[in-house]
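Take a look at the structure below.
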Amino acid sequence: MSPLEKVTVGITAETLVIVTPEMTVGHVVPGMPAVYGTPMMILHMEMAAGAAVQPFLPLGHVSVGMMVNVRHLAATPVGRTVRATARIVAIEARRVVFEVEAWDGDRKIGDGTHRRGVVDVAGFEKRFGVTRPAAAMA
């Protein structure tokens, strides 16, 4: 049974965020403008993609980011609402490919593609020697 048997092309999801000072490139790099940073935009696109696929995965499976190819098209100031969207465009063995976009109102501020791999969490953690703090296991 493939963990992607319930996943279909066309599934979508979105993430809404209000840009805070901590999300700006100026917060991380002194002297840079206080506008929405590209790494934050990519994070929000990845969150939308993860949200699109997760409800269709078997228990114990998650999707993890593998590839990002994104353009950041326009600056967005603090206080604006950004809507990041993801739409499944292809399914490849244990991978899912998304078209992703980010919007500031009706203005597109980013677009591109994102690929996520599907893994069994327990097997993945064992393979890479991941250990959890005792509090997380309780």
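Each chain in the structure tokens gets a letter, A, B and so on, in the order shown; residues start at 1 in every chain, and ligands are counted from 1 in the order they appear.
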Based on DSSP run over this structure's backbone, return all residues of chain A in strand (DSSP E), as a count of residues only.
55
Please list as a PyMOL selection string every residue within 7 Å of Ala52 (chain A), counting only C-alpha atoms and excluding residues in the same chain fewer than 4 positions away.
chain A and resi 11-13+48
Fewer than 2 positions away in the same chain doesn't count, so skip those; otherwise give me all residues within 12 Å of Ala51 (chain A), counting only C-alpha atoms, as a list of chain:residue names.
A:Ile11, A:Thr12, A:Ala13, A:Glu14, A:Thr15, A:His44, A:Met45, A:Glu46, A:Met47, A:Ala48, A:Ala49, A:Val53, A:Gln54, A:Pro55, A:Phe56, A:Leu57, A:Val62, A:Ser63, A:Val64, A:Ala84, A:Thr85, A:Ala86, A:Arg87, A:Ile88, A:Phe98, A:Arg116
Mind listing the alpha helix (DSSP H) residues of region 1-124 of chain A, per DSSP on the backbone, as a VMD selection string?
chain A and resid 25 to 28 38 to 53 121 to 124
Which polymer residues have any atom within 8 Å of an atom of Gly79 (chain A), counting only C-alpha atoms, with same-chain residues fewer than 2 positions away left out, as a list in words?
Ile18, Val19, Thr20, Pro77 and Thr81 of chain A
Put those residues in a file: all heavy atoms, as a CSV table (one decimal), in the first residue's frame.
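Dumped everything to part-v3.csv:
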```
chain,number,residue,atom,x,y,z
A,18,ILE,N,0.3,37.3,9.2
A,18,ILE,CA,0.5,38.8,9.2
A,18,ILE,C,2.0,39.0,9.4
A,18,ILE,O,2.6,38.5,10.4
A,18,ILE,CB,-0.4,39.4,10.3
A,18,ILE,CG1,-1.8,39.2,10.0
A,18,ILE,CG2,0.0,40.9,10.4
A,18,ILE,CD1,-2.8,39.7,11.1
A,19,VAL,N,2.6,39.8,8.6
A,19,VAL,CA,4.0,40.0,8.7
A,19,VAL,C,4.4,40.8,9.9
A,19,VAL,O,3.8,41.8,10.2
A,19,VAL,CB,4.5,40.8,7.4
A,19,VAL,CG1,6.0,41.1,7.5
A,19,VAL,CG2,4.2,40.0,6.1
A,20,THR,N,5.3,40.2,10.7
A,20,THR,CA,5.7,40.8,12.0
A,20,THR,C,7.2,41.2,11.8
A,20,THR,O,7.9,40.8,10.8
A,20,THR,CB,5.7,39.8,13.1
A,20,THR,OG1,6.6,38.7,12.9
A,20,THR,CG2,4.3,39.2,13.3
A,77,PRO,N,5.7,45.0,3.5
A,77,PRO,CA,6.0,45.6,4.8
A,77,PRO,C,5.3,44.9,5.9
A,77,PRO,O,4.4,44.1,5.8
A,77,PRO,CB,5.5,47.0,4.6
A,77,PRO,CG,4.4,46.9,3.6
A,77,PRO,CD,4.8,45.8,2.7
A,81,THR,N,-1.0,41.2,5.4
A,81,THR,CA,-1.3,39.8,5.4
A,81,THR,C,-0.8,39.1,4.2
A,81,THR,O,-1.1,39.6,3.1
A,81,THR,CB,-2.8,39.6,5.6
A,81,THR,OG1,-3.3,40.2,6.8
A,81,THR,CG2,-3.2,38.1,5.6
```
Extract, using only C-alpha atoms, all DNA, RNA and protein residues at most 12 Å from region 31-39 of chain A, discarding same-chain residues fewer than 3 positions from it, and format them as an MDAnalysis selection string.
chainID A and resid 17:28 42:46 68:82 102:104 109:111
Selection export as a compact mmCIF listing (two decimals), in the first residue's frame, atoms kept: N, CA, C and O atoms:
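The result, written out as result10.txt:
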```
# COMPACT_ATOMS: atom_id res chain seq x y z
N VAL A 17 -0.62 34.61 7.12
CA VAL A 17 0.21 35.17 8.19
C VAL A 17 0.19 36.69 8.08
O VAL A 17 0.07 37.23 6.98
N ILE A 18 0.29 37.33 9.21
CA ILE A 18 0.49 38.78 9.23
C ILE A 18 1.98 39.00 9.45
O ILE A 18 2.57 38.46 10.39
N VAL A 19 2.59 39.77 8.58
CA VAL A 19 4.04 40.00 8.65
C VAL A 19 4.37 40.76 9.93
O VAL A 19 3.82 41.84 10.18
N THR A 20 5.25 40.17 10.73
CA THR A 20 5.72 40.79 11.97
C THR A 20 7.17 41.24 11.78
O THR A 20 7.85 40.80 10.84
N PRO A 21 7.66 42.10 12.66
CA PRO A 21 9.07 42.52 12.55
C PRO A 21 10.04 41.34 12.54
O PRO A 21 11.07 41.39 11.86
N GLU A 22 9.71 40.27 13.27
CA GLU A 22 10.59 39.10 13.34
C GLU A 22 10.66 38.34 12.01
O GLU A 22 11.57 37.53 11.82
N MET A 23 9.71 38.57 11.10
CA MET A 23 9.70 37.89 9.80
C MET A 23 10.47 38.67 8.75
O MET A 23 10.54 38.23 7.60
N THR A 24 11.06 39.79 9.11
CA THR A 24 11.74 40.62 8.12
C THR A 24 13.21 40.27 8.00
O THR A 24 13.85 39.81 8.95
N VAL A 25 13.76 40.55 6.82
CA VAL A 25 15.18 40.33 6.60
C VAL A 25 15.99 41.28 7.50
O VAL A 25 17.06 40.91 7.99
N GLY A 26 15.46 42.46 7.75
CA GLY A 26 16.14 43.41 8.62
C GLY A 26 16.26 42.94 10.05
O GLY A 26 17.17 43.37 10.78
N HIS A 27 15.39 42.07 10.48
CA HIS A 27 15.46 41.51 11.84
C HIS A 27 16.66 40.57 11.97
O HIS A 27 17.26 40.45 13.03
N VAL A 28 16.99 39.89 10.89
CA VAL A 28 18.06 38.89 10.91
C VAL A 28 19.40 39.46 10.45
O VAL A 28 20.44 39.08 10.97
N ILE A 42 9.31 31.28 1.98
CA ILE A 42 9.49 29.86 1.64
C ILE A 42 8.91 28.98 2.75
O ILE A 42 8.23 27.99 2.47
N LEU A 43 9.18 29.33 4.01
CA LEU A 43 8.61 28.57 5.13
C LEU A 43 7.09 28.51 5.03
O LEU A 43 6.49 27.44 5.18
N HIS A 44 6.46 29.64 4.76
CA HIS A 44 4.99 29.66 4.71
C HIS A 44 4.46 28.89 3.50
O HIS A 44 3.42 28.24 3.59
N MET A 45 5.18 28.92 2.39
CA MET A 45 4.81 28.09 1.23
C MET A 45 4.92 26.61 1.60
O MET A 45 4.03 25.81 1.27
N GLU A 46 6.01 26.23 2.29
CA GLU A 46 6.18 24.83 2.71
C GLU A 46 5.09 24.42 3.69
O GLU A 46 4.61 23.28 3.64
N VAL A 68 13.14 23.30 -3.18
CA VAL A 68 12.40 24.54 -3.33
C VAL A 68 13.01 25.31 -4.50
O VAL A 68 14.23 25.46 -4.57
N ASN A 69 12.17 25.78 -5.40
CA ASN A 69 12.61 26.62 -6.50
C ASN A 69 11.61 27.78 -6.56
O ASN A 69 10.52 27.64 -7.12
N VAL A 70 11.98 28.90 -5.93
CA VAL A 70 11.03 29.98 -5.70
C VAL A 70 11.62 31.33 -6.12
O VAL A 70 12.80 31.58 -5.91
N ARG A 71 10.75 32.17 -6.67
CA ARG A 71 11.12 33.57 -6.95
C ARG A 71 10.41 34.45 -5.93
O ARG A 71 9.22 34.26 -5.67
N HIS A 72 11.13 35.43 -5.38
CA HIS A 72 10.51 36.43 -4.51
C HIS A 72 10.36 37.68 -5.37
O HIS A 72 11.35 38.29 -5.75
N LEU A 73 9.12 38.05 -5.67
CA LEU A 73 8.84 39.05 -6.69
C LEU A 73 8.67 40.48 -6.19
O LEU A 73 8.85 41.42 -6.95
N ALA A 74 8.27 40.64 -4.92
CA ALA A 74 7.98 42.00 -4.43
C ALA A 74 8.12 42.05 -2.91
O ALA A 74 7.90 41.05 -2.22
N ALA A 75 8.47 43.22 -2.42
CA ALA A 75 8.62 43.43 -0.98
C ALA A 75 7.25 43.59 -0.33
O ALA A 75 6.31 44.11 -0.93
N THR A 76 7.16 43.14 0.93
CA THR A 76 5.93 43.26 1.71
C THR A 76 6.29 43.82 3.08
O THR A 76 7.10 43.24 3.79
N PRO A 77 5.69 44.95 3.46
CA PRO A 77 6.02 45.56 4.76
C PRO A 77 5.34 44.88 5.94
O PRO A 77 4.38 44.11 5.78
N VAL A 78 5.84 45.18 7.12
CA VAL A 78 5.26 44.69 8.37
C VAL A 78 3.79 45.13 8.44
O VAL A 78 3.42 46.23 8.03
N GLY A 79 2.95 44.24 8.96
CA GLY A 79 1.53 44.52 9.14
C GLY A 79 0.64 44.02 8.02
O GLY A 79 -0.58 43.91 8.21
N ARG A 80 1.22 43.69 6.89
CA ARG A 80 0.41 43.18 5.77
C ARG A 80 0.13 41.69 5.97
O ARG A 80 0.88 40.97 6.60
N THR A 81 -0.97 41.21 5.39
CA THR A 81 -1.32 39.79 5.44
C THR A 81 -0.81 39.11 4.18
O THR A 81 -1.07 39.57 3.07
N VAL A 82 -0.07 38.03 4.38
CA VAL A 82 0.44 37.23 3.27
C VAL A 82 -0.34 35.92 3.24
O VAL A 82 -0.54 35.28 4.27
N ALA A 102 2.76 33.10 -3.23
CA ALA A 102 2.50 33.96 -2.07
C ALA A 102 1.91 35.26 -2.58
O ALA A 102 2.33 35.79 -3.61
N TRP A 103 0.93 35.75 -1.83
CA TRP A 103 0.18 36.93 -2.23
C TRP A 103 0.10 37.94 -1.09
O TRP A 103 -0.08 37.56 0.07
N ASP A 104 0.21 39.21 -1.43
CA ASP A 104 -0.03 40.33 -0.52
C ASP A 104 -1.25 41.03 -1.11
O ASP A 104 -1.14 41.78 -2.08
N ILE A 109 3.51 38.04 -4.73
CA ILE A 109 4.85 38.42 -4.26
C ILE A 109 5.86 37.28 -4.39
O ILE A 109 7.06 37.49 -4.19
N GLY A 110 5.38 36.08 -4.74
CA GLY A 110 6.29 34.96 -4.91
C GLY A 110 5.63 33.80 -5.61
O GLY A 110 4.41 33.65 -5.54
N ASP A 111 6.43 32.99 -6.30
CA ASP A 111 5.91 31.78 -6.93
C ASP A 111 7.03 30.80 -7.18
O ASP A 111 8.21 31.14 -7.10
```
One decimal, in Å: what's the spacing between CA of Val119 (chain A) and CA of Val96 (chain A)?
11.7 Å
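Nearest residue to Gly65 (chain A), choosing from A:Val118, A:Met41, A:Val29, A:Ile91 and counting only C-alpha atoms: A:Val118.
Closest to Ser2 (chain A) among A:Ala93, A:Met40, A:Met66, A:Leu59 is A:Ala93, based on only C-alpha atoms.
You will find CA of Pro30 (chain A) at 28.1 Å from CA of Met67 (chain A).
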